[in-house]
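Right, one structure below, let's go through it.
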Amino acid sequence: MLAHGGSHGAGSSAAAWLLPVLVTVVLGAGYLTGVVRLRGSGRSWSGGRTVSFLLGAALIGAALSPAVDAGTAGGDMAQHLLLGMFAPIALVLGAPLTLLLSGLPVSARRPVAVLLRSRALHALSHVATAAVLSVGRLYLLYLTPLYALSARSEVVHHLLHLHFLLAGYLFAWAVAGPDPAPRRPGMAVRLAVLVAAGGFHAFLAKLLYSRAPTLPVGGGHDAAEVEAAAQLMYYGGHVADLLLLVALFTAWYRRTGRVPARVRTATSSSAPAAV
C-alpha cells in the first residue's frame with residue numbers, strides 16, 4: 001500500500017507502529033511506577049537496573065516495529081535475536097521481580113514466595129530446561145514446516161514471538177538473573193549449560209548457512225538471503241552469549257569477590273596471624 005502513497009498508506013504505516021509503541025510504553029511505565037513508589041517509601045533503587053529494563057522494553061518495540069523488515073530471512077532473524085536473546089537479557093538485568101516484591105506488602109509477598117518455591121517452577125526454571133526451550137525452539141522453527149506456517153498465520157507468528165520472549169527471559173533469568181530463583185544450580189552447571197546452548201545455537205546457524213537453498217523449510221527465500229541471515233544468527237548469538245557470560249561472572253564476583261576483599265582488609269589492619 002505504501003507504494004501507492006496517499007493518506008491510506010500513511011495510516012497503515014502509523015497503525016503498524018501502534019503495537020510496538022504500546023508494548024514499550026506499557027512495560028516502561030509499569031516499571032517506572034514501581035521505582036517511583038519504592039523511592040517514595042524512602043528506599044533506593046539502582047539506576048542501572050532501570051536503564052537496563054527500559055532498554056529491554058525498547059528492544060521489544062524495535063523488534064516488532066516496521067523498522068525490522070519482517071517477512072525476509074534477515075528481518076525474521078533480527079526479530080528472533082532481539083526478542084529471544086537481547087531484550088530478555090536487558091529485562092532480566094533490570095530485576096523486575098525484585099522491584100515488584102520490594103513494593104508489595106508482606107501479606108502479598110507470600111503467594112509469590114510460594115510460587116517461587118513450587119516444584120513446577122523449579123523444573124521449568126532449571127537452566128537446562130530453559131536452555132532447551134530457548135534453543136530448541138529455533139531448531140523446531142527452522143527445520144520443520146513451522147516457519148512456513150508462521151508466515152501464513154498471523155496468530156502463529158505472534159505466538160512464536162511471545163514464546164521467543166518468554167523462553168529467552170527464562171533462560172537469561174536461570175543463568176544470570178539478579179532476581180530470586182528457586183534452587184538455582186551452581187556456577188559450574190550454569191556455565192556449562194550456557195556454553196552448550198551457545199554451541200547448539202552456532203551449529204544451527206552453520207547448518208542454515210550450508211543448506212541455504214533448502215532451509216528454512218518452506219521459507220522460499222533466496223539462498224544468499226538465508227546465508228546472510230545465518231551469519232547474523234551466528235555472530236549475534238555469540239554477542240548475546242558473551243553478554244550473559246559477563247552478567248554471570250559479574251554476579252558471581254559480587255557474591256564472592258568483594259566479601260573476601262573486605263575480610264582481607266580487616267585482617268591486614270589487625271595483628272598478624274600465625275602462619
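Numbering starts fresh at 1 for the residues of each chain in the C-alpha cells, the chains themselves are lettered A, B, ... in the order given, and ligands are numbered from 1 as they appear.
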
Inset, instruction - Select from range 50-268 of chain A everything DSSP, run on the backbone, classes as helix (DSSP H, G or I), then give the selection as a count of residues only. - result: 178

Could I get the residues of range 55-146 of chain A with an atom no further than 7 Å from an atom of range 168-175 of chain A, each paired with its nearest atom pair and that distance in Å to one decimal, using only C-alpha atoms, sorted by chain and residue number, as JSON lines?
```
{"residue": "A:Gly84", "atom": "CA", "partner": "A:Gly168", "partner_atom": "CA", "distance": 4.6}
{"residue": "A:Met85", "atom": "CA", "partner": "A:Gly168", "partner_atom": "CA", "distance": 5.5}
{"residue": "A:Pro88", "atom": "CA", "partner": "A:Tyr169", "partner_atom": "CA", "distance": 4.4}
{"residue": "A:Ile89", "atom": "CA", "partner": "A:Ala172", "partner_atom": "CA", "distance": 5.6}
{"residue": "A:Val92", "atom": "CA", "partner": "A:Trp173", "partner_atom": "CA", "distance": 5.9}
{"residue": "A:Ser125", "atom": "CA", "partner": "A:Ala174", "partner_atom": "CA", "distance": 6.0}
{"residue": "A:His126", "atom": "CA", "partner": "A:Ala174", "partner_atom": "CA", "distance": 6.4}
{"residue": "A:Val127", "atom": "CA", "partner": "A:Ala174", "partner_atom": "CA", "distance": 5.0}
{"residue": "A:Ala130", "atom": "CA", "partner": "A:Phe171", "partner_atom": "CA", "distance": 4.7}
{"residue": "A:Ala131", "atom": "CA", "partner": "A:Phe171", "partner_atom": "CA", "distance": 5.8}
{"residue": "A:Ser134", "atom": "CA", "partner": "A:Gly168", "partner_atom": "CA", "distance": 5.6}
```

Using N, CA and C atoms, can you write the selected residues to a file as a short mmCIF file (atom, residue, chain, number, x, y, z; two decimals), in the first residue's frame?
```cif
data_model
loop_
_atom_site.label_atom_id
_atom_site.label_comp_id
_atom_site.auth_asym_id
_atom_site.auth_seq_id
_atom_site.Cartn_x
_atom_site.Cartn_y
_atom_site.Cartn_z
N GLY A 84 14.33 -12.96 21.41
CA GLY A 84 14.71 -14.17 22.11
C GLY A 84 16.00 -14.10 22.89
N MET A 85 16.81 -13.06 22.64
CA MET A 85 18.12 -13.02 23.30
C MET A 85 18.42 -11.66 23.92
N PRO A 88 15.45 -10.05 26.32
CA PRO A 88 15.36 -10.76 27.61
C PRO A 88 16.53 -10.50 28.55
N ILE A 89 17.75 -10.43 28.02
CA ILE A 89 18.90 -10.16 28.88
C ILE A 89 18.75 -8.81 29.56
N VAL A 92 15.88 -8.94 32.20
CA VAL A 92 16.27 -9.71 33.38
C VAL A 92 17.22 -8.92 34.27
N SER A 125 12.23 -23.58 35.49
CA SER A 125 13.26 -22.55 35.51
C SER A 125 14.67 -23.12 35.67
N HIS A 126 14.79 -24.44 35.72
CA HIS A 126 16.14 -25.02 35.76
C HIS A 126 16.87 -24.61 34.50
N VAL A 127 18.13 -24.29 34.63
CA VAL A 127 18.87 -23.73 33.50
C VAL A 127 18.88 -24.68 32.30
N ALA A 130 15.42 -24.44 30.66
CA ALA A 130 15.32 -23.14 30.00
C ALA A 130 16.14 -23.11 28.71
N ALA A 131 17.29 -23.77 28.71
CA ALA A 131 18.12 -23.82 27.51
C ALA A 131 17.43 -24.58 26.38
N SER A 134 14.71 -22.42 24.98
CA SER A 134 15.22 -21.27 24.26
C SER A 134 15.86 -21.65 22.93
#
```

Inset, instruction - Kindly give the distance, in Å, that separates CA of Ala176 in chain A and CA of Leu116 in chain A, rounded to a single decimal. - result: 16.4 Å

Inset, instruction - Give me, please, the distance in Å between CA of Leu91 in chain A and CA of Pro111 in chain A, quoted to one decimal. - result: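 CA of Pro111 in chain A lies 22.8 Å from CA of Leu91 in chain A.
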
Legend entry - All residues 9 Å or closer to range 41-52 of chain A, only C-alpha atoms, same chain fewer than 6 positions away omitted, as an MDAnalysis selection string: chainID A and resid 31:32 35 89:96 99 103

Could you take the residues named above and write them with N, CA and C atoms, as a compact mmCIF listing (two decimals), in the first residue's frame?
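What follows is the written file selection-v9.txt:
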```
# COMPACT_ATOMS: atom_id res chain seq x y z
N TYR A 31 7.20 -0.38 35.00
CA TYR A 31 8.44 -0.47 35.76
C TYR A 31 8.74 0.84 36.49
N LEU A 32 8.60 1.96 35.80
CA LEU A 32 8.89 3.27 36.41
C LEU A 32 7.93 3.57 37.55
N VAL A 35 9.36 1.89 40.50
CA VAL A 35 10.54 2.60 41.00
C VAL A 35 10.12 3.83 41.80
N ILE A 89 17.75 -10.43 28.02
CA ILE A 89 18.90 -10.16 28.88
C ILE A 89 18.75 -8.81 29.56
N ALA A 90 18.37 -7.79 28.78
CA ALA A 90 18.20 -6.45 29.35
C ALA A 90 17.07 -6.42 30.37
N LEU A 91 15.97 -7.07 30.08
CA LEU A 91 14.84 -7.10 31.02
C LEU A 91 15.22 -7.81 32.32
N VAL A 92 15.88 -8.94 32.20
CA VAL A 92 16.27 -9.71 33.38
C VAL A 92 17.22 -8.92 34.27
N LEU A 93 18.18 -8.23 33.67
CA LEU A 93 19.14 -7.46 34.47
C LEU A 93 18.48 -6.26 35.15
N GLY A 94 17.26 -5.93 34.72
CA GLY A 94 16.51 -4.88 35.41
C GLY A 94 15.87 -5.35 36.70
N ALA A 95 15.94 -6.67 36.99
CA ALA A 95 15.41 -7.26 38.23
C ALA A 95 13.98 -6.84 38.52
N PRO A 96 13.05 -7.07 37.58
CA PRO A 96 11.67 -6.63 37.80
C PRO A 96 10.96 -7.36 38.94
N LEU A 99 11.96 -5.75 42.17
CA LEU A 99 11.25 -4.47 42.29
C LEU A 99 9.81 -4.69 42.71
N GLY A 103 7.98 -3.63 46.49
CA GLY A 103 6.86 -2.70 46.60
C GLY A 103 5.59 -3.31 47.13
```

Legend entry - Within 12 Å of Ala67 in chain A using only C-alpha atoms, minus same-chain residues under 5 positions, as an NGL selection string: :A and (13 or 16-17 or 20 or 59-62 or 75-76 or 78-79)

Could you please take those selected residues and save C-alpha atoms as an mmCIF file, in the first residue's frame?
```cif
data_model
loop_
_atom_site.group_PDB
_atom_site.id
_atom_site.type_symbol
_atom_site.label_atom_id
_atom_site.label_comp_id
_atom_site.auth_asym_id
_atom_site.auth_seq_id
_atom_site.Cartn_x
_atom_site.Cartn_y
_atom_site.Cartn_z
ATOM 1 C CA SER A 13 2.232 2.944 8.413
ATOM 2 C CA ALA A 16 1.986 -0.619 12.171
ATOM 3 C CA TRP A 17 3.742 1.358 14.920
ATOM 4 C CA PRO A 20 5.473 -1.729 19.328
ATOM 5 C CA LEU A 59 14.338 -3.576 22.065
ATOM 6 C CA ILE A 60 10.987 -5.383 22.107
ATOM 7 C CA GLY A 61 9.375 -2.367 20.483
ATOM 8 C CA ALA A 62 12.129 -2.201 17.876
ATOM 9 C CA GLY A 75 14.278 -9.404 9.164
ATOM 10 C CA ASP A 76 12.898 -12.553 10.762
ATOM 11 C CA ALA A 78 16.726 -9.891 13.577
ATOM 12 C CA GLN A 79 13.346 -10.256 15.307
#
```

Legend entry - Å distance separating CA of Leu124 in chain A from CA of Leu138 in chain A, one decimal place: 18.3 Å
